[in-house]
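Asker: One file is attached below, protein.tsv, containing TSV, C-alpha atoms.
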```tsv
chain	number	residue	atom	x	y	z
A	1	MET	CA	-30.37	-6.85	102.49
A	2	PHE	CA	-29.15	-3.28	102.09
A	3	THR	CA	-31.95	-1.68	104.05
A	4	ASP	CA	-33.51	1.60	103.04
A	5	PRO	CA	-33.68	3.52	106.38
A	6	ILE	CA	-37.02	5.08	105.44
A	7	THR	CA	-38.70	1.64	105.46
A	8	ARG	CA	-37.64	0.98	109.07
A	9	VAL	CA	-40.14	3.49	110.46
A	10	GLY	CA	-43.05	1.07	110.37
A	11	GLY	CA	-41.03	-1.84	111.75
A	12	GLU	CA	-40.52	-3.47	108.36
A	13	LYS	CA	-37.47	-3.52	106.10
A	14	CYS	CA	-37.03	-3.20	102.36
A	15	SER	CA	-33.68	-3.56	100.62
A	16	TYR	CA	-32.15	-1.19	98.12
A	17	HIS	CA	-31.51	-2.76	94.72
A	18	LEU	CA	-27.82	-1.83	95.00
A	19	PRO	CA	-25.30	-2.39	97.78
A	20	THR	CA	-24.52	0.80	99.66
A	21	TYR	CA	-21.03	2.23	99.86
A	22	GLU	CA	-20.93	1.57	103.61
A	23	ALA	CA	-21.93	-2.09	103.13
A	24	LEU	CA	-19.18	-2.69	100.57
A	25	LYS	CA	-16.69	-0.93	102.82
A	26	GLY	CA	-17.78	-3.17	105.70
A	27	ILE	CA	-17.14	-6.26	103.56
A	28	ALA	CA	-13.64	-4.99	102.74
A	29	LYS	CA	-13.00	-4.45	106.45
A	30	SER	CA	-14.23	-7.96	107.21
A	31	ILE	CA	-11.62	-9.33	104.80
A	32	TYR	CA	-8.78	-7.41	106.44
A	33	TRP	CA	-8.57	-4.16	108.38
A	34	LYS	CA	-6.33	-2.28	110.76
A	35	PRO	CA	-6.76	1.26	112.12
A	36	THR	CA	-3.62	2.20	110.17
A	37	PHE	CA	-5.58	2.54	106.93
A	38	ILE	CA	-9.04	3.26	105.51
A	39	TRP	CA	-10.73	1.27	102.75
A	40	TYR	CA	-12.18	3.13	99.75
A	41	ILE	CA	-14.53	1.51	97.24
A	42	ASP	CA	-13.62	2.38	93.64
A	43	GLY	CA	-16.43	0.57	91.86
A	44	ALA	CA	-18.75	-2.42	91.76
A	45	ARG	CA	-20.45	-4.49	89.09
A	46	VAL	CA	-23.79	-6.28	89.36
A	47	MET	CA	-23.24	-9.71	87.84
A	48	ARG	CA	-26.73	-11.21	88.22
A	49	ARG	CA	-30.17	-9.79	87.49
A	50	ILE	CA	-31.64	-7.85	90.40
A	51	ARG	CA	-34.61	-9.59	92.02
A	52	THR	CA	-36.37	-9.27	95.36
A	53	GLN	CA	-38.00	-11.76	97.69
A	54	THR	CA	-40.43	-11.04	100.53
A	55	LYS	CA	-40.56	-13.03	103.74
A	56	GLY	CA	-42.87	-12.90	106.73
A	57	MET	CA	-40.90	-12.27	109.93
A	58	LYS	CA	-41.67	-12.18	113.64
A	59	PRO	CA	-39.24	-9.63	115.13
A	60	LEU	CA	-39.05	-9.24	118.90
A	61	ASP	CA	-40.99	-6.44	120.58
A	62	TYR	CA	-39.22	-4.26	123.12
A	63	GLY	CA	-42.05	-4.90	125.58
A	64	GLY	CA	-41.83	-8.66	125.08
A	65	GLY	CA	-43.34	-11.10	122.63
A	66	ASN	CA	-43.30	-10.84	118.86
A	67	THR	CA	-44.84	-8.74	116.14
A	68	LEU	CA	-45.48	-9.49	112.47
A	69	ALA	CA	-43.55	-7.80	109.68
A	70	ILE	CA	-42.70	-8.21	106.00
A	71	TYR	CA	-39.00	-8.04	105.06
A	72	THR	CA	-38.08	-7.56	101.39
A	73	TYR	CA	-34.69	-9.14	100.65
A	74	LEU	CA	-32.46	-8.66	97.63
A	75	THR	CA	-31.71	-11.75	95.58
A	76	GLY	CA	-30.81	-12.66	92.01
A	77	ASP	CA	-31.00	-15.36	89.36
A	78	ALA	CA	-30.48	-18.99	90.33
A	79	ASP	CA	-26.96	-20.32	90.57
A	80	PRO	CA	-26.45	-22.95	87.83
A	81	ALA	CA	-24.51	-25.20	90.24
A	82	THR	CA	-26.91	-25.17	93.21
A	83	GLY	CA	-30.17	-23.90	91.72
A	84	GLU	CA	-30.52	-21.36	94.54
A	85	PRO	CA	-31.01	-17.66	93.78
A	86	ARG	CA	-28.18	-15.40	94.87
A	87	ALA	CA	-26.73	-11.94	94.33
A	88	GLU	CA	-23.23	-11.59	92.93
A	89	TYR	CA	-20.96	-8.55	92.64
A	90	GLN	CA	-17.47	-7.67	91.54
A	91	VAL	CA	-15.92	-4.97	93.72
A	92	ARG	CA	-12.72	-2.97	93.30
A	93	ALA	CA	-11.25	-1.19	96.33
A	94	HIS	CA	-8.02	0.31	97.64
A	95	PHE	CA	-6.75	1.48	101.01
A	96	GLU	CA	-5.12	4.74	102.06
A	97	TRP	CA	-3.32	5.64	105.27
A	98	ASN	CA	-5.42	7.04	108.09
A	99	ARG	CA	-3.85	10.48	108.57
A	100	TYR	CA	-5.82	10.97	111.77
A	101	ARG	CA	-3.84	8.24	113.52
A	102	PRO	CA	-0.28	9.63	113.48
A	103	GLU	CA	0.76	7.29	116.30
A	104	LEU	CA	0.46	4.40	113.79
A	105	GLU	CA	2.83	5.93	111.26
A	106	ARG	CA	5.46	3.23	111.83
A	107	ASP	CA	2.91	0.64	110.63
A	108	ARG	CA	2.45	2.30	107.22
A	109	ASN	CA	4.00	-0.44	105.14
A	110	ASP	CA	1.88	-0.79	102.03
A	111	GLY	CA	3.57	-3.97	100.84
A	112	LYS	CA	2.92	-5.74	104.14
A	113	HIS	CA	-0.75	-4.76	104.33
A	114	PHE	CA	-1.34	-5.55	100.66
A	115	GLU	CA	0.05	-9.06	101.01
A	116	ILE	CA	-1.94	-9.71	104.20
A	117	ALA	CA	-5.13	-8.45	102.54
A	118	LYS	CA	-4.43	-10.63	99.49
A	119	ARG	CA	-3.94	-13.77	101.60
A	120	SER	CA	-7.02	-12.97	103.68
A	121	LEU	CA	-9.12	-12.59	100.53
A	122	GLU	CA	-7.90	-15.94	99.19
A	123	ARG	CA	-9.03	-17.57	102.45
A	124	GLY	CA	-12.48	-15.97	102.45
A	125	GLY	CA	-11.79	-13.10	104.86
A	126	ARG	CA	-10.81	-12.82	108.49
A	127	GLN	CA	-14.34	-12.24	109.78
A	128	ASP	CA	-17.78	-13.40	108.76
A	129	ILE	CA	-18.93	-11.86	105.49
A	130	PHE	CA	-22.53	-10.68	105.28
A	131	LEU	CA	-24.40	-8.49	102.82
A	132	GLY	CA	-25.90	-5.60	104.73
A	133	THR	CA	-27.50	-7.54	107.60
A	134	ARG	CA	-26.25	-10.43	109.67
A	135	GLU	CA	-28.74	-13.00	108.39
A	136	CYS	CA	-27.58	-12.47	104.78
A	137	GLN	CA	-24.41	-14.56	104.75
A	138	GLY	CA	-21.94	-13.92	101.95
A	139	TYR	CA	-18.69	-15.29	100.55
A	140	VAL	CA	-15.72	-13.56	98.96
A	141	GLU	CA	-13.05	-14.74	96.57
A	142	PRO	CA	-10.45	-13.07	94.31
A	143	CYS	CA	-11.52	-12.00	90.82
A	144	ASP	CA	-10.36	-9.86	87.91
A	145	PHE	CA	-12.54	-6.76	88.02
A	146	GLY	CA	-14.29	-6.38	84.67
A	147	SER	CA	-14.02	-10.05	83.72
A	148	GLY	CA	-17.12	-12.00	82.81
A	149	GLU	CA	-20.45	-10.69	81.57
A	150	GLY	CA	-22.50	-8.56	83.96
A	151	GLU	CA	-26.27	-8.53	83.71
A	152	TYR	CA	-26.41	-4.75	83.26
A	153	ASP	CA	-23.25	-4.08	81.23
A	154	ASP	CA	-25.25	-2.95	78.20
A	155	LEU	CA	-27.45	-0.51	80.09
A	156	ASP	CA	-26.54	3.12	79.52
A	157	GLU	CA	-28.36	4.51	82.55
A	158	LEU	CA	-30.22	3.34	85.64
A	159	GLN	CA	-31.54	5.88	88.17
A	160	TYR	CA	-32.17	5.14	91.85
A	161	GLY	CA	-32.72	8.57	93.36
A	162	LEU	CA	-31.81	9.37	96.96
A	163	MET	CA	-29.86	6.61	98.73
A	164	PHE	CA	-28.00	6.23	101.98
A	165	HIS	CA	-24.25	6.43	101.36
A	166	SER	CA	-22.11	6.04	104.49
A	167	PHE	CA	-21.27	7.00	108.04
A	168	ASP	CA	-18.35	9.20	109.04
A	169	TYR	CA	-16.59	8.55	112.33
A	170	PRO	CA	-14.12	10.82	114.16
A	171	GLU	CA	-11.22	8.37	113.85
A	172	THR	CA	-11.49	8.37	110.04
A	173	SER	CA	-12.76	11.89	109.25
A	174	GLY	CA	-11.03	14.04	111.86
A	175	ASN	CA	-14.40	15.54	112.77
A	176	PRO	CA	-15.25	15.20	116.49
A	177	ASN	CA	-18.92	14.55	115.59
A	178	SER	CA	-20.17	11.48	113.75
A	179	SER	CA	-22.45	12.16	110.80
A	180	MET	CA	-24.54	10.41	108.17
A	181	ALA	CA	-24.28	11.05	104.46
A	182	TYR	CA	-26.83	10.46	101.72
A	183	SER	CA	-26.06	10.25	98.03
A	184	ILE	CA	-28.24	11.10	95.08
A	185	PHE	CA	-27.62	9.18	91.88
A	186	ARG	CA	-28.71	11.25	88.95
A	187	ALA	CA	-27.84	11.63	85.27
A	188	PRO	CA	-27.79	15.40	84.61
A	189	THR	CA	-26.69	16.98	81.37
A	190	LYS	CA	-22.99	17.62	80.92
A	191	SER	CA	-23.63	21.36	80.96
A	192	ARG	CA	-24.66	21.14	84.62
A	193	LEU	CA	-22.33	18.53	86.08
A	194	ASP	CA	-19.40	16.43	85.08
A	195	THR	CA	-20.12	12.70	84.94
A	196	ARG	CA	-18.21	9.61	85.92
A	197	ARG	CA	-19.07	5.95	86.04
A	198	ILE	CA	-20.29	4.64	89.36
A	199	PHE	CA	-21.01	0.96	90.08
A	200	GLY	CA	-19.33	-0.14	86.88
A	201	PRO	CA	-20.02	0.59	83.23
A	202	TRP	CA	-23.79	0.08	83.43
A	203	LEU	CA	-24.56	3.11	85.60
A	204	ARG	CA	-23.40	6.51	84.41
A	205	SER	CA	-24.41	9.38	86.62
A	206	ALA	CA	-23.08	12.19	88.74
A	207	LEU	CA	-22.61	11.66	92.44
A	208	VAL	CA	-24.10	14.56	94.33
A	209	TRP	CA	-24.12	14.45	98.09
A	210	ASN	CA	-24.37	16.63	101.15
A	211	ARG	CA	-24.13	16.31	104.91
A	212	ILE	CA	-27.56	16.16	106.54
A	213	SER	CA	-26.10	17.81	109.64
A	214	ASN	CA	-23.91	20.23	107.61
A	215	MET	CA	-20.70	18.46	108.66
A	216	SER	CA	-17.50	18.90	106.67
A	217	MET	CA	-17.10	16.69	103.61
A	218	SER	CA	-15.13	13.47	103.94
A	219	ASN	CA	-11.81	12.70	102.33
A	220	HIS	CA	-13.63	10.66	99.70
A	221	THR	CA	-15.58	13.71	98.56
A	222	ARG	CA	-12.37	15.71	98.31
A	223	ALA	CA	-10.87	12.88	96.25
A	224	LEU	CA	-13.86	13.03	93.88
A	225	ARG	CA	-13.39	16.75	93.45
A	226	ALA	CA	-9.67	16.32	92.86
A	227	SER	CA	-10.42	13.77	90.13
A	228	GLY	CA	-12.62	16.26	88.26
A	229	VAL	CA	-16.08	15.45	89.62
A	230	ARG	CA	-17.91	18.57	90.72
A	231	CYS	CA	-19.72	17.82	93.99
A	232	GLU	CA	-22.32	20.56	93.97
A	233	LEU	CA	-26.06	20.65	94.37
A	234	ASP	CA	-28.53	21.59	91.70
A	235	SER	CA	-31.91	23.13	92.60
A	236	GLU	CA	-33.81	19.83	92.48
A	237	THR	CA	-31.28	18.09	94.72
A	238	SER	CA	-31.36	20.99	97.20
A	239	ARG	CA	-35.13	20.65	97.49
A	240	ASP	CA	-34.79	16.91	98.15
A	241	LEU	CA	-32.25	17.47	100.92
A	242	ARG	CA	-34.22	20.30	102.53
A	243	SER	CA	-37.26	18.01	102.63
A	244	LEU	CA	-35.12	15.23	104.09
A	245	ARG	CA	-33.81	17.50	106.84
A	246	ARG	CA	-37.39	18.40	107.83
A	247	THR	CA	-38.43	14.76	108.10
A	248	THR	CA	-35.23	13.12	109.40
A	249	SER	CA	-33.77	13.41	112.88
A	250	ILE	CA	-30.16	12.27	113.28
```
Once more with this new file: its structure as structure tokens, please.
Answerer:
Amino acid sequence: MFTDPITRVGGEKCSYHLPTYEALKGIAKSIYWKPTFIWYIDGARVMRRIRTQTKGMKPLDYGGGNTLAIYTYLTGDADPATGEPRAEYQVRAHFEWNRYRPELERDRNDGKHFEIAKRSLERGGRQDIFLGTRECQGYVEPCDFGSGEGEYDDLDELQYGLMFHSFDYPETSGNPNSSMAYSIFRAPTKSRLDTRRIFGPWLRSALVWNRISNMSMSNHTRALRASGVRCELDSETSRDLRSLRRTTSI
């Protein structure tokens, strides 16, 4: 479950149809992580058809007892081997040195960390793997990114609007204040924005994002700009974010 924060207001949860950047980054950190480096997600492919499943839950009340709620989980087509529905993704990621931790400079040995990460991936990760929330247990294994047939490889475009993207923390951004970022997946014309492929070949759109609290942009945004993606807001996106600022307190 990659929960849409807006659905938490009423005490219920509903999953996005796509894994968030922060969730995929968390999975990479569960496989292997040290404060010497920062994981960056380069892309992901959806291998099974997107489906959802609702379940009645009884979450605990702060004042004691239970309440009733409906949780909408993300699932997929049935696994041919077990017959159970499951979601499956291929993810490509890389790590870069954390420049905000200069005291760890002596540990910046890319060959060492690559080999440790490779062995950890082959053994299923160093920590428990879960997809978004703790009750959604997951498993990881090595793969060749782009191999196999994805369910949405032939789709030219799939729009999902405004989505939560990630958190920024002082030890990875250099900013003394933590902040939350949202991303808007949109497919504008080439005359307005450059385009690049996000989440594999089936989703082509421009990534437009902004800090809700007007914090400085993260290193990942700078990397996008350096690679030729213009991270700027059009008028429609600006209206969405202004509305979000009026209704969201962070």
Asker: Provide the CA of Gly174 (chain A) to CA of Trp33 (chain A) distance in Å, to one decimal place.
Answerer: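 Result for CA of Gly174 (chain A) versus CA of Trp33 (chain A): 18.7 Å, one decimal.
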Asker: Pull the neighbourhood of (-17.8, -7.8, 104.6) for me: all residues within 9 Å in file coordinates, counting all atoms listed in the file, as number ranges by chain.
Answerer: A: 23-31, 125, 127-132, 138-140
Asker: The selected residues should be written to file as a JSON list (two decimals), in the coordinates of the input (atoms: C-alpha atoms).
Answerer:
```json
[["chain", "number", "residue", "atom", "x", "y", "z"],
["A", 23, "ALA", "CA", -21.93, -2.09, 103.13],
["A", 24, "LEU", "CA", -19.18, -2.69, 100.57],
["A", 25, "LYS", "CA", -16.69, -0.93, 102.82],
["A", 26, "GLY", "CA", -17.78, -3.17, 105.70],
["A", 27, "ILE", "CA", -17.14, -6.26, 103.56],
["A", 28, "ALA", "CA", -13.64, -4.99, 102.74],
["A", 29, "LYS", "CA", -13.00, -4.45, 106.45],
["A", 30, "SER", "CA", -14.23, -7.96, 107.21],
["A", 31, "ILE", "CA", -11.62, -9.33, 104.80],
["A", 125, "GLY", "CA", -11.79, -13.10, 104.86],
["A", 127, "GLN", "CA", -14.34, -12.24, 109.78],
["A", 128, "ASP", "CA", -17.78, -13.40, 108.76],
["A", 129, "ILE", "CA", -18.93, -11.86, 105.49],
["A", 130, "PHE", "CA", -22.53, -10.68, 105.28],
["A", 131, "LEU", "CA", -24.40, -8.49, 102.82],
["A", 132, "GLY", "CA", -25.90, -5.60, 104.73],
["A", 138, "GLY", "CA", -21.94, -13.92, 101.95],
["A", 139, "TYR", "CA", -18.69, -15.29, 100.55],
["A", 140, "VAL", "CA", -15.72, -13.56, 98.96]]
```
Asker: Can you work out the spacing between CA of Ala44 (chain A) and CA of Gln90 (chain A) in Å, to one decimal?
Answerer: 5.4 Å
Asker: For CA of Met57 (chain A) and CA of Gly76 (chain A), quote the distance in Å rounded to one decimal.
Answerer: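 We find that CA of Met57 (chain A) and CA of Gly76 (chain A) lie 20.6 Å from each other.
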Asker: Any idea what's packed within 7 Å of Tyr32 (chain A), counting all atoms listed in the file, ignoring anything in its chain fewer than 6 positions away? Could you give it as a VMD selection string?
Answerer: chain A and resid 117 120 125 to 126
Asker: Show me the residues around (-23.4, 1.3, 103.8) - criterion: an atom at most 6 Å away, only C-alpha atoms counted - as a PyMOL selection string.
Answerer: chain A and resi 20-23+165-166
